[in-house]
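Before any comments, here is the structure.
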Amino acid sequence: MNDNNDSAPVGSELSEADFETLAVRAGITRSDEREHSEALFLSSSFTYDSAAQAQAVFAGDEPGNVYSRYTNPTVRMFEERIAALEGAERACATASGMAAILGVCMAVLKAGDHVVCSRSVFGTTVTLFAKYMDRFGVSTTFVDLVDLEQWQAAIRPETRLLFLETPSNPLGEVADLDAISRLAREQGALLAVDNCFCTPALQRPLSLGADIVIHSATKYIDGQGRCLGGVVVGAASVVDEVNIWQRAAGATLSPFNAWVFLKGLETLKLRMDAHCRNAGLLAEWLQSQAGVKKVHYCGLAEHPGHGLAQKQQSGFGGVLAFEVAGSREAAWQVIDSVRIISRTANLGDAKTTITHPATTTHCRLSDEDKRRAGISENLIRVAVGLESVEDLMKDLSHGLQRLKA
């Protein structure tokens, strides 16, 4: 690699650049070929000029790449860019968002430790903590995301990690990051925030007191539903430990996927603004529709987390949920009636998606856990994409009119 590059070391012209500039320019390292677009290094291994150079690189005495499970130039560019956007020292990219969460657990927890986790996290995250971490002696207490008294009461002397997702999936509940981060500091624990729904374009949890930020890059960072990936962002002292685990466990991000994510980051701010605009218009429209009992979107003034979201976020995100009159049959009727919107559980895509959380994203939760998390049988989640919002309204009208009839 050529030392004459366009990355953003401290003190460079990018050190004080705006978000939009960092999203396009940060982390770029050009090869001797002087390519303009980020290079895609599809190589499992790397060569050396001599045995002595190989020894120096393997020992860490000389910069260079060893093996793409360890480091890869394309992956490194993605890590440097997302760290710049989150305002972090370091980032470690992983094969998926769940691999990122597991990496944090492996890096900061040991047998006998305790975790306090919001109930309002992705269903598989609950499974990871409640089933698999428990097998290895790490216990977890689940609490209501917005109930600070529950967070306080759940903390024990052995608590090492507080984990949450804000806004929550799928109800859009908003955590008070300042208050919860203070609880973590008082205990000497770390606060990890899943920032998947907002991305750094709308929210930077590290600036609000969090220690670790986690992304499923599969979602809005990609933006077009193409690739799987995850990333852990935070202080070097924590992220370096995640990186050591990742090298040993092999949960490595593909260089091709990293290249796709780099392209996604270039348009992240533009896309998130459009997602927010469309979701806000659709949420307001849904409130006026017969057959809709309640709309969950933190951009609505009557949402319990609206004021806090205004304080912590620069936009309200692209995901909303709504409850229809009736139960599962009514919700499925609306979902089955759409003709444009995609019936899939993924989100963060340019294409709007619709799903029934109780039987998809949160299907492995017990009925009691679903009740506690507010996942009812009549709840529908819509991840609003970039289509004409008027067309989305017409599409949802097919099922809503059937409910009205």
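Naming scheme: A, B, ... for chains in displayed order of the structure tokens; residues 1 onward per chain; ligands 1 onward as shown.
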Can you pull out the residues contacting Arg90 in chain A? Cut-off 7 Å, using only C-alpha atoms, and skip same-chain residues under 3 positions away; I want them as a list in words.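 Near neighbours after the sequence-gap exclusion: Ala83, Val233, Gly234, Ala235, Ala236 and Val239 of chain A.
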Go ahead and write the residues just picked, C-alpha atoms, as a PDB file, in the first residue's frame.
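The file below, result06.pdb, is the result:
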ATOM      1  CA  ALA A  83     -15.292   4.844  13.561  1.00  0.00           C
ATOM      2  CA  VAL A 233     -17.258   0.741  17.716  1.00  0.00           C
ATOM      3  CA  GLY A 234     -15.745   2.363  20.797  1.00  0.00           C
ATOM      4  CA  ALA A 235     -12.573   2.931  22.772  1.00  0.00           C
ATOM      5  CA  ALA A 236      -9.451   1.098  21.637  1.00  0.00           C
ATOM      6  CA  VAL A 239     -12.513  -2.823  20.584  1.00  0.00           C
TER       7      VAL A 239
END
Spatial neighbours of Leu253 in chain A, 12 Å, only C-alpha atoms, chain gap at least 4 places, as number ranges by chain: A: 42, 68-76, 78-79, 92-97, 99-100, 216-218, 227-232, 243, 246-247, 249, 257-261
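If only C-alpha atoms are the atoms counted, then among A:Gly27, A:Ala345, A:Arg271, A:Tyr48 the closest residue to Glu62 in chain A is A:Tyr48.
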State, in Å with one decimal place, the distance from CA of Gly87 in chain A to CA of Ile214 in chain A. 13.3 Å
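Computed from the coordinates, the CA of Gln287 in chain A to CA of Gly318 in chain A distance equals 16.3 Å.
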Minimum-distance residue to Gln310 in chain A, chosen among A:Ala248, A:Met98, A:Ala283, A:Val174 (using only C-alpha atoms):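 Among the listed residues, A:Val174 lies closest to Gln310 in chain A.
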Using only C-alpha atoms, pick whichever of A:Leu102, A:Ala321, A:Leu109, A:Leu85 has the shortest atom-to-atom distance to Ala383 in chain A. A:Ala321
Of the candidates A:Asp144, A:Glu323, A:Asp49, A:Asp367, which one gets nearest to Val382 in chain A if we count only C-alpha atoms?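 Using only C-alpha atoms, the shortest distance to Val382 in chain A belongs to A:Glu323.
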Backbone-only DSSP, helix (DSSP H, G or I) members of range 117-249 of chain A, as JSON, numbers by chain: {"A": [123, 124, 125, 126, 127, 128, 129, 130, 131, 132, 133, 134, 135, 148, 149, 150, 151, 152, 153, 154, 177, 178, 179, 180, 181, 182, 183, 184, 185, 186, 187, 199, 200, 201, 202, 205, 206, 207, 208, 236, 237, 238, 239, 240, 241, 242, 243, 244, 245, 246, 247, 248, 249]}
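Comparing A:Asn278, A:Thr353, A:Gln401, A:Ser327 by their smallest distance to Val389 in chain A, the closest is A:Asn278 (using only C-alpha atoms).
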Tell me, which residues of range 254-375 of chain A carry DSSP strand (DSSP E), written as a ChimeraX atom specification? /A:292-296,319-324,342-343,353-355
May I have the residues within 9 Å of Ser120 in chain A as an MDAnalysis selection string, using only C-alpha atoms and disregarding those fewer than 3 positions away in the same chain? chainID A and resid 117 123 126 142:145 164:166 168:171 173 372:374
I'd like the neighbourhood of Ile354 in chain A as a PDB file with N, CA and C atoms, in the first residue's frame, where a residue qualifies if any of its atoms comes within 9 Å (using only C-alpha atoms), though same-chain residues fewer than 5 positions away should be ignored.
ATOM      1  N   ILE A 335     -51.127  -7.724   6.018  1.00  0.00           N
ATOM      2  CA  ILE A 335     -49.830  -8.086   5.440  1.00  0.00           C
ATOM      3  C   ILE A 335     -50.012  -8.810   4.106  1.00  0.00           C
ATOM      4  N   VAL A 338     -50.877  -6.546   0.734  1.00  0.00           N
ATOM      5  CA  VAL A 338     -49.999  -5.587   0.064  1.00  0.00           C
ATOM      6  C   VAL A 338     -49.539  -6.145  -1.279  1.00  0.00           C
ATOM      7  N   ILE A 341     -45.288  -3.474  -1.236  1.00  0.00           N
ATOM      8  CA  ILE A 341     -44.430  -3.648  -0.066  1.00  0.00           C
ATOM      9  C   ILE A 341     -44.000  -5.113   0.046  1.00  0.00           C
ATOM     10  N   SER A 342     -42.728  -5.334   0.403  1.00  0.00           N
ATOM     11  CA  SER A 342     -42.177  -6.682   0.490  1.00  0.00           C
ATOM     12  C   SER A 342     -42.504  -7.320   1.834  1.00  0.00           C
ATOM     13  N   ARG A 343     -43.008  -8.547   1.788  1.00  0.00           N
ATOM     14  CA  ARG A 343     -43.250  -9.311   3.017  1.00  0.00           C
ATOM     15  C   ARG A 343     -41.948 -10.008   3.405  1.00  0.00           C
ATOM     16  N   THR A 344     -41.183  -9.354   4.240  1.00  0.00           N
ATOM     17  CA  THR A 344     -39.909  -9.895   4.722  1.00  0.00           C
ATOM     18  C   THR A 344     -39.573  -9.215   6.037  1.00  0.00           C
ATOM     19  N   ALA A 345     -38.756  -9.880   6.845  1.00  0.00           N
ATOM     20  CA  ALA A 345     -38.443  -9.348   8.176  1.00  0.00           C
ATOM     21  C   ALA A 345     -37.230  -8.430   8.187  1.00  0.00           C
ATOM     22  N   ASN A 346     -36.516  -8.324   7.067  1.00  0.00           N
ATOM     23  CA  ASN A 346     -35.356  -7.449   7.042  1.00  0.00           C
ATOM     24  C   ASN A 346     -35.805  -5.986   7.057  1.00  0.00           C
ATOM     25  N   LEU A 347     -34.893  -5.106   7.412  1.00  0.00           N
ATOM     26  CA  LEU A 347     -35.171  -3.669   7.426  1.00  0.00           C
ATOM     27  C   LEU A 347     -33.934  -2.917   6.980  1.00  0.00           C
ATOM     28  N   ILE A 380     -48.115  -4.950  13.668  1.00  0.00           N
ATOM     29  CA  ILE A 380     -47.453  -5.029  12.369  1.00  0.00           C
ATOM     30  C   ILE A 380     -46.284  -4.039  12.364  1.00  0.00           C
ATOM     31  N   ARG A 381     -45.139  -4.474  11.838  1.00  0.00           N
ATOM     32  CA  ARG A 381     -43.998  -3.563  11.710  1.00  0.00           C
ATOM     33  C   ARG A 381     -43.754  -3.243  10.247  1.00  0.00           C
ATOM     34  N   VAL A 382     -43.531  -1.976   9.973  1.00  0.00           N
ATOM     35  CA  VAL A 382     -43.198  -1.525   8.624  1.00  0.00           C
ATOM     36  C   VAL A 382     -41.863  -0.781   8.681  1.00  0.00           C
ATOM     37  N   ALA A 383     -40.899  -1.245   7.892  1.00  0.00           N
ATOM     38  CA  ALA A 383     -39.640  -0.520   7.722  1.00  0.00           C
ATOM     39  C   ALA A 383     -39.772   0.267   6.425  1.00  0.00           C
ATOM     40  N   VAL A 384     -39.941   1.561   6.555  1.00  0.00           N
ATOM     41  CA  VAL A 384     -40.325   2.398   5.422  1.00  0.00           C
ATOM     42  C   VAL A 384     -39.116   2.676   4.538  1.00  0.00           C
TER      43      VAL A 384
END
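Between CA of Ser15 in chain A and CA of Ile221 in chain A the interatomic distance comes to 21.8 Å.
Every protein or nucleic acid residue with an atom no more than 6 Å from range 190-207 of chain A, counting only C-alpha atoms and leaving out same-chain residues fewer than 4 positions away, appears here: A:Glu86, A:Leu161, A:Leu162, A:Phe163, A:Leu164, A:Glu165, A:Ala184, A:Asp211, A:Ile212, A:Val213, A:Ile214, A:His215, A:Ser216, A:Lys269, A:Gln313, A:Ser314, A:Gly315, A:Gly317.
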Could you tell me which of A:Gly399, A:Val116, A:Gly348, A:Ala330 comes closest to Glu377 in chain A if we count only C-alpha atoms?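 When distances to Glu377 in chain A are compared using only C-alpha atoms, the smallest one comes from A:Ala330.
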Which polymer residues have any atom within 9 Å of an atom of Gly307 in chain A, counting only C-alpha atoms, with same-chain residues fewer than 5 positions away left out, as number ranges by chain? A: 298, 301, 312
